[in-house]
Amino acid sequence: MQAADAQFAARVEESFARQRALQTIGARLQAVAPGAVEIRLDFRPELGQQNGFLHAGMSATIADTAGGYAAMSLFGEGEDVLTTEFKLNLLAPAQGEYFIARGKVIKSGRTLSICQIEVAAFRNGIESLCAYGLMTAMRMLPPKQ
């Protein structure tokens, strides 16, 4: 994949820094490349559900964000991103010390981008896929002057 501008990583990082919800849960950017983003979330009990696993809402949040920023990494300067839909299959209980959400662009279009999203749990150094899905992200153009 080819980024539309050389400052793609800085634009993704700057936008991510404005994500108050992700700050609240402690998520952070792990990697940014053209068409691919990884987000890390360390487990804390307050992010869990009644059985002690990471809550599916947390998995969905970081997966959606990884896919959206993967799409945005291919956009031009001044363009932003907005999710229009996503489907996430929960494959296994999200149990681990930390989680990595990965977003990867499958097709970047003029308006819509289709992205693969997944969340992996890491427990005792072993990676286990716990969520997998697809999302559609919309390119938001700057207002015309």
# chains A, B, ... in the order shown; residues from 1 in each chain; ligands from 1
>>> residues_around(residues="Thr136 (chain A)", least_positions_apart="2", cutoff="8 Å", atoms="only C-alpha atoms", output="list in words")
Thr83, Thr84, Glu85, Phe86, Leu112, Ser113, Ile114, Cys115, Leu134 and Met138 of chain A
>>> select_by_dssp(residues="region 16-48 of chain A", states="strand (DSSP E)", output="PyMOL selection string")
chain A and resi 28-33+36-42
>>> residues_around(residues="region 46-51 of chain A", least_positions_apart="5", cutoff="12 Å", atoms="only C-alpha atoms", output="MDAnalysis selection string")
chainID A and resid 22 24:27 41 56:59 61 93:99
>>> select_by_dssp(residues="chain A", states="helix (DSSP H, G or I)", output="PyMOL selection string")
chain A and resi 8-17+20-25+45-47+56-72
>>> closest_residue(among="A:Val37, A:Ala121, A:Ala101, A:Leu88", to="Tyr69 (chain A)", atoms="only C-alpha atoms")
A:Val37
>>> atom_distance(atom1="CA of Leu29 (chain A)", atom2="CA of Glu127 (chain A)")
18.2 Å
>>> closest_residue(among="A:Asp42, A:Pro143, A:Gly78, A:Lys87", to="Phe122 (chain A)", atoms="only C-alpha atoms")
A:Asp42
>>> residues_around(residues="Gly103 (chain A)", least_positions_apart="3", cutoff="8 Å", atoms="only C-alpha atoms", output="mmCIF file with all heavy atoms, in the first residue's frame")
data_model
loop_
_atom_site.group_PDB
_atom_site.id
_atom_site.type_symbol
_atom_site.label_atom_id
_atom_site.label_comp_id
_atom_site.auth_asym_id
_atom_site.auth_seq_id
_atom_site.Cartn_x
_atom_site.Cartn_y
_atom_site.Cartn_z
ATOM 1 N N GLY A 35 -1.543 1.617 5.424
ATOM 2 C CA GLY A 35 -2.583 0.601 5.332
ATOM 3 C C GLY A 35 -2.623 -0.386 6.478
ATOM 4 O O GLY A 35 -3.391 -1.347 6.438
ATOM 5 N N ALA A 36 -1.852 -0.166 7.540
ATOM 6 C CA ALA A 36 -1.833 -1.104 8.670
ATOM 7 C C ALA A 36 -1.523 -0.370 9.974
ATOM 8 O O ALA A 36 -0.610 0.447 10.031
ATOM 9 C CB ALA A 36 -0.801 -2.192 8.434
ATOM 10 N N VAL A 37 -2.310 -0.673 11.011
ATOM 11 C CA VAL A 37 -2.123 -0.056 12.325
ATOM 12 C C VAL A 37 -2.307 -1.117 13.395
ATOM 13 O O VAL A 37 -3.153 -2.009 13.269
ATOM 14 C CB VAL A 37 -3.132 1.114 12.534
ATOM 15 C CG1 VAL A 37 -3.202 1.545 13.987
ATOM 16 C CG2 VAL A 37 -2.752 2.298 11.658
ATOM 17 N N GLU A 38 -1.509 -1.007 14.450
ATOM 18 C CA GLU A 38 -1.666 -1.863 15.630
ATOM 19 C C GLU A 38 -1.850 -0.980 16.853
ATOM 20 O O GLU A 38 -1.173 0.040 16.998
ATOM 21 C CB GLU A 38 -0.440 -2.751 15.842
ATOM 22 C CG GLU A 38 -0.273 -3.810 14.797
ATOM 23 C CD GLU A 38 0.867 -4.771 15.103
ATOM 24 O OE1 GLU A 38 1.588 -4.574 16.115
ATOM 25 O OE2 GLU A 38 1.040 -5.722 14.331
ATOM 26 N N ALA A 63 -10.395 -2.582 18.044
ATOM 27 C CA ALA A 63 -10.418 -3.122 16.677
ATOM 28 C C ALA A 63 -10.935 -2.077 15.694
ATOM 29 O O ALA A 63 -10.350 -1.862 14.624
ATOM 30 C CB ALA A 63 -11.278 -4.383 16.618
ATOM 31 N N ASP A 64 -12.031 -1.418 16.042
ATOM 32 C CA ASP A 64 -12.599 -0.364 15.198
ATOM 33 C C ASP A 64 -11.581 0.743 14.969
ATOM 34 O O ASP A 64 -11.387 1.216 13.845
ATOM 35 C CB ASP A 64 -13.855 0.191 15.872
ATOM 36 C CG ASP A 64 -14.353 1.486 15.259
ATOM 37 O OD1 ASP A 64 -14.459 1.573 14.022
ATOM 38 O OD2 ASP A 64 -14.653 2.426 16.027
ATOM 39 N N THR A 65 -10.898 1.145 16.011
ATOM 40 C CA THR A 65 -9.922 2.225 15.919
ATOM 41 C C THR A 65 -8.730 1.824 15.053
ATOM 42 O O THR A 65 -8.260 2.614 14.228
ATOM 43 C CB THR A 65 -9.466 2.653 17.325
ATOM 44 O OG1 THR A 65 -10.620 3.009 18.099
ATOM 45 C CG2 THR A 65 -8.521 3.833 17.262
ATOM 46 N N ALA A 66 -8.246 0.601 15.215
ATOM 47 C CA ALA A 66 -7.118 0.134 14.397
ATOM 48 C C ALA A 66 -7.493 0.129 12.917
ATOM 49 O O ALA A 66 -6.716 0.563 12.066
ATOM 50 C CB ALA A 66 -6.667 -1.256 14.851
ATOM 51 N N GLY A 67 -8.687 -0.351 12.599
ATOM 52 C CA GLY A 67 -9.128 -0.361 11.205
ATOM 53 C C GLY A 67 -9.304 1.036 10.652
ATOM 54 O O GLY A 67 -8.905 1.330 9.517
ATOM 55 N N GLY A 68 -9.886 1.922 11.438
ATOM 56 C CA GLY A 68 -10.088 3.299 10.988
ATOM 57 C C GLY A 68 -8.779 4.010 10.705
ATOM 58 O O GLY A 68 -8.628 4.675 9.674
ATOM 59 N N TYR A 69 -7.820 3.841 11.583
ATOM 60 C CA TYR A 69 -6.534 4.504 11.357
ATOM 61 C C TYR A 69 -5.728 3.833 10.257
ATOM 62 O O TYR A 69 -4.950 4.500 9.572
ATOM 63 C CB TYR A 69 -5.742 4.633 12.648
ATOM 64 C CG TYR A 69 -6.248 5.782 13.493
ATOM 65 C CD1 TYR A 69 -6.632 5.585 14.808
ATOM 66 C CD2 TYR A 69 -6.355 7.064 12.963
ATOM 67 C CE1 TYR A 69 -7.110 6.635 15.576
ATOM 68 C CE2 TYR A 69 -6.842 8.115 13.717
ATOM 69 C CZ TYR A 69 -7.216 7.892 15.023
ATOM 70 O OH TYR A 69 -7.695 8.941 15.769
ATOM 71 N N ALA A 70 -5.915 2.544 10.051
ATOM 72 C CA ALA A 70 -5.276 1.897 8.896
ATOM 73 C C ALA A 70 -5.785 2.549 7.612
ATOM 74 O O ALA A 70 -5.006 2.877 6.716
ATOM 75 C CB ALA A 70 -5.555 0.399 8.889
ATOM 76 N N CYS A 115 -11.613 -2.764 5.582
ATOM 77 C CA CYS A 115 -10.475 -3.159 6.407
ATOM 78 C C CYS A 115 -10.753 -4.451 7.157
ATOM 79 O O CYS A 115 -11.869 -4.685 7.615
ATOM 80 C CB CYS A 115 -10.158 -2.072 7.429
ATOM 81 S SG CYS A 115 -9.830 -0.463 6.701
ATOM 82 N N GLN A 116 -9.722 -5.248 7.278
ATOM 83 C CA GLN A 116 -9.741 -6.432 8.140
ATOM 84 C C GLN A 116 -9.351 -5.951 9.535
ATOM 85 O O GLN A 116 -8.419 -5.163 9.692
ATOM 86 C CB GLN A 116 -8.718 -7.431 7.620
ATOM 87 C CG GLN A 116 -8.477 -8.613 8.513
ATOM 88 C CD GLN A 116 -7.341 -9.463 7.952
ATOM 89 O OE1 GLN A 116 -7.346 -9.800 6.775
ATOM 90 N NE2 GLN A 116 -6.374 -9.768 8.781
ATOM 91 N N ILE A 117 -10.080 -6.415 10.557
ATOM 92 C CA ILE A 117 -9.754 -6.050 11.933
ATOM 93 C C ILE A 117 -9.662 -7.317 12.772
ATOM 94 O O ILE A 117 -10.368 -8.302 12.516
ATOM 95 C CB ILE A 117 -10.788 -5.071 12.535
ATOM 96 C CG1 ILE A 117 -12.216 -5.596 12.405
ATOM 97 C CG2 ILE A 117 -10.655 -3.694 11.878
ATOM 98 C CD1 ILE A 117 -13.288 -4.724 13.062
ATOM 99 N N GLU A 118 -8.769 -7.302 13.749
ATOM 100 C CA GLU A 118 -8.638 -8.452 14.639
ATOM 101 C C GLU A 118 -8.058 -8.003 15.967
ATOM 102 O O GLU A 118 -7.430 -6.943 16.063
ATOM 103 C CB GLU A 118 -7.779 -9.543 14.023
ATOM 104 C CG GLU A 118 -6.346 -9.152 13.762
ATOM 105 C CD GLU A 118 -5.543 -10.275 13.096
ATOM 106 O OE1 GLU A 118 -6.056 -10.901 12.157
ATOM 107 O OE2 GLU A 118 -4.405 -10.499 13.544
#
>>> atom_distance(atom1="CA of Ala137 (chain A)", atom2="CA of Arg44 (chain A)")
29.0 Å
>>> residues_around(residues="region 2-6 of chain A", least_positions_apart="2", cutoff="9 Å", atoms="only C-alpha atoms", output="list in words")
Phe8, Ala9, Ala10, Ala33, Pro34, Gly35, Ser73, Leu74, Phe75, Gly76 and Glu77 of chain A
>>> write_last_selection(atoms="all heavy atoms", output="PDB file, in the first residue's frame")
ATOM      1  N   PHE A   8       1.837  10.708   6.862  1.00  0.00           N
ATOM      2  CA  PHE A   8       0.704   9.874   7.287  1.00  0.00           C
ATOM      3  C   PHE A   8       0.829   9.429   8.740  1.00  0.00           C
ATOM      4  O   PHE A   8      -0.141   9.463   9.487  1.00  0.00           O
ATOM      5  CB  PHE A   8       0.528   8.662   6.354  1.00  0.00           C
ATOM      6  CG  PHE A   8       1.555   7.585   6.550  1.00  0.00           C
ATOM      7  CD1 PHE A   8       1.312   6.531   7.408  1.00  0.00           C
ATOM      8  CD2 PHE A   8       2.765   7.618   5.874  1.00  0.00           C
ATOM      9  CE1 PHE A   8       2.253   5.535   7.597  1.00  0.00           C
ATOM     10  CE2 PHE A   8       3.712   6.634   6.044  1.00  0.00           C
ATOM     11  CZ  PHE A   8       3.461   5.582   6.924  1.00  0.00           C
ATOM     12  N   ALA A   9       2.001   9.001   9.166  1.00  0.00           N
ATOM     13  CA  ALA A   9       2.169   8.498  10.536  1.00  0.00           C
ATOM     14  C   ALA A   9       1.950   9.613  11.552  1.00  0.00           C
ATOM     15  O   ALA A   9       1.279   9.405  12.567  1.00  0.00           O
ATOM     16  CB  ALA A   9       3.544   7.863  10.709  1.00  0.00           C
ATOM     17  N   ALA A  10       2.481  10.784  11.291  1.00  0.00           N
ATOM     18  CA  ALA A  10       2.292  11.917  12.197  1.00  0.00           C
ATOM     19  C   ALA A  10       0.825  12.304  12.287  1.00  0.00           C
ATOM     20  O   ALA A  10       0.321  12.634  13.368  1.00  0.00           O
ATOM     21  CB  ALA A  10       3.137  13.109  11.743  1.00  0.00           C
ATOM     22  N   ALA A  33       1.854   1.885   9.756  1.00  0.00           N
ATOM     23  CA  ALA A  33       2.464   1.714   8.438  1.00  0.00           C
ATOM     24  C   ALA A  33       1.376   2.020   7.417  1.00  0.00           C
ATOM     25  O   ALA A  33       0.185   2.024   7.763  1.00  0.00           O
ATOM     26  CB  ALA A  33       2.981   0.289   8.262  1.00  0.00           C
ATOM     27  N   PRO A  34       1.729   2.278   6.162  1.00  0.00           N
ATOM     28  CA  PRO A  34       0.688   2.542   5.166  1.00  0.00           C
ATOM     29  C   PRO A  34      -0.290   1.360   5.068  1.00  0.00           C
ATOM     30  O   PRO A  34       0.103   0.241   4.762  1.00  0.00           O
ATOM     31  CB  PRO A  34       1.477   2.720   3.866  1.00  0.00           C
ATOM     32  CG  PRO A  34       2.834   3.155   4.302  1.00  0.00           C
ATOM     33  CD  PRO A  34       3.082   2.412   5.590  1.00  0.00           C
ATOM     34  N   GLY A  35      -1.543   1.617   5.424  1.00  0.00           N
ATOM     35  CA  GLY A  35      -2.583   0.601   5.332  1.00  0.00           C
ATOM     36  C   GLY A  35      -2.623  -0.386   6.478  1.00  0.00           C
ATOM     37  O   GLY A  35      -3.391  -1.347   6.438  1.00  0.00           O
ATOM     38  N   SER A  73      -4.447   6.132   7.201  1.00  0.00           N
ATOM     39  CA  SER A  73      -3.027   6.210   6.853  1.00  0.00           C
ATOM     40  C   SER A  73      -2.809   6.330   5.343  1.00  0.00           C
ATOM     41  O   SER A  73      -1.742   6.754   4.904  1.00  0.00           O
ATOM     42  CB  SER A  73      -2.279   4.988   7.390  1.00  0.00           C
ATOM     43  OG  SER A  73      -2.619   3.819   6.664  1.00  0.00           O
ATOM     44  N   LEU A  74      -3.821   5.981   4.559  1.00  0.00           N
ATOM     45  CA  LEU A  74      -3.719   6.072   3.101  1.00  0.00           C
ATOM     46  C   LEU A  74      -4.381   7.331   2.545  1.00  0.00           C
ATOM     47  O   LEU A  74      -4.332   7.574   1.345  1.00  0.00           O
ATOM     48  CB  LEU A  74      -4.337   4.830   2.450  1.00  0.00           C
ATOM     49  CG  LEU A  74      -3.712   3.497   2.855  1.00  0.00           C
ATOM     50  CD1 LEU A  74      -4.450   2.344   2.199  1.00  0.00           C
ATOM     51  CD2 LEU A  74      -2.231   3.459   2.519  1.00  0.00           C
ATOM     52  N   PHE A  75      -5.014   8.125   3.406  1.00  0.00           N
ATOM     53  CA  PHE A  75      -5.705   9.332   2.976  1.00  0.00           C
ATOM     54  C   PHE A  75      -4.727  10.490   2.807  1.00  0.00           C
ATOM     55  O   PHE A  75      -3.607  10.455   3.311  1.00  0.00           O
ATOM     56  CB  PHE A  75      -6.779   9.750   3.980  1.00  0.00           C
ATOM     57  CG  PHE A  75      -7.910   8.760   4.161  1.00  0.00           C
ATOM     58  CD1 PHE A  75      -8.814   8.925   5.192  1.00  0.00           C
ATOM     59  CD2 PHE A  75      -8.072   7.673   3.326  1.00  0.00           C
ATOM     60  CE1 PHE A  75      -9.861   8.040   5.374  1.00  0.00           C
ATOM     61  CE2 PHE A  75      -9.115   6.772   3.500  1.00  0.00           C
ATOM     62  CZ  PHE A  75     -10.016   6.959   4.535  1.00  0.00           C
ATOM     63  N   GLY A  76      -5.198  11.536   2.146  1.00  0.00           N
ATOM     64  CA  GLY A  76      -4.386  12.724   1.944  1.00  0.00           C
ATOM     65  C   GLY A  76      -4.453  13.681   3.123  1.00  0.00           C
ATOM     66  O   GLY A  76      -5.277  13.534   4.035  1.00  0.00           O
ATOM     67  N   GLU A  77      -3.605  14.674   3.072  1.00  0.00           N
ATOM     68  CA  GLU A  77      -3.558  15.704   4.109  1.00  0.00           C
ATOM     69  C   GLU A  77      -4.919  16.384   4.231  1.00  0.00           C
ATOM     70  O   GLU A  77      -5.567  16.683   3.234  1.00  0.00           O
ATOM     71  CB  GLU A  77      -2.488  16.738   3.753  1.00  0.00           C
ATOM     72  CG  GLU A  77      -2.308  17.799   4.795  1.00  0.00           C
ATOM     73  CD  GLU A  77      -1.233  18.809   4.439  1.00  0.00           C
ATOM     74  OE1 GLU A  77      -0.531  18.602   3.431  1.00  0.00           O
ATOM     75  OE2 GLU A  77      -1.126  19.811   5.165  1.00  0.00           O
TER      76      GLU A  77
END
>>> atom_distance(atom1="CA of Lys107 (chain A)", atom2="CA of Ala60 (chain A)")
20.8 Å
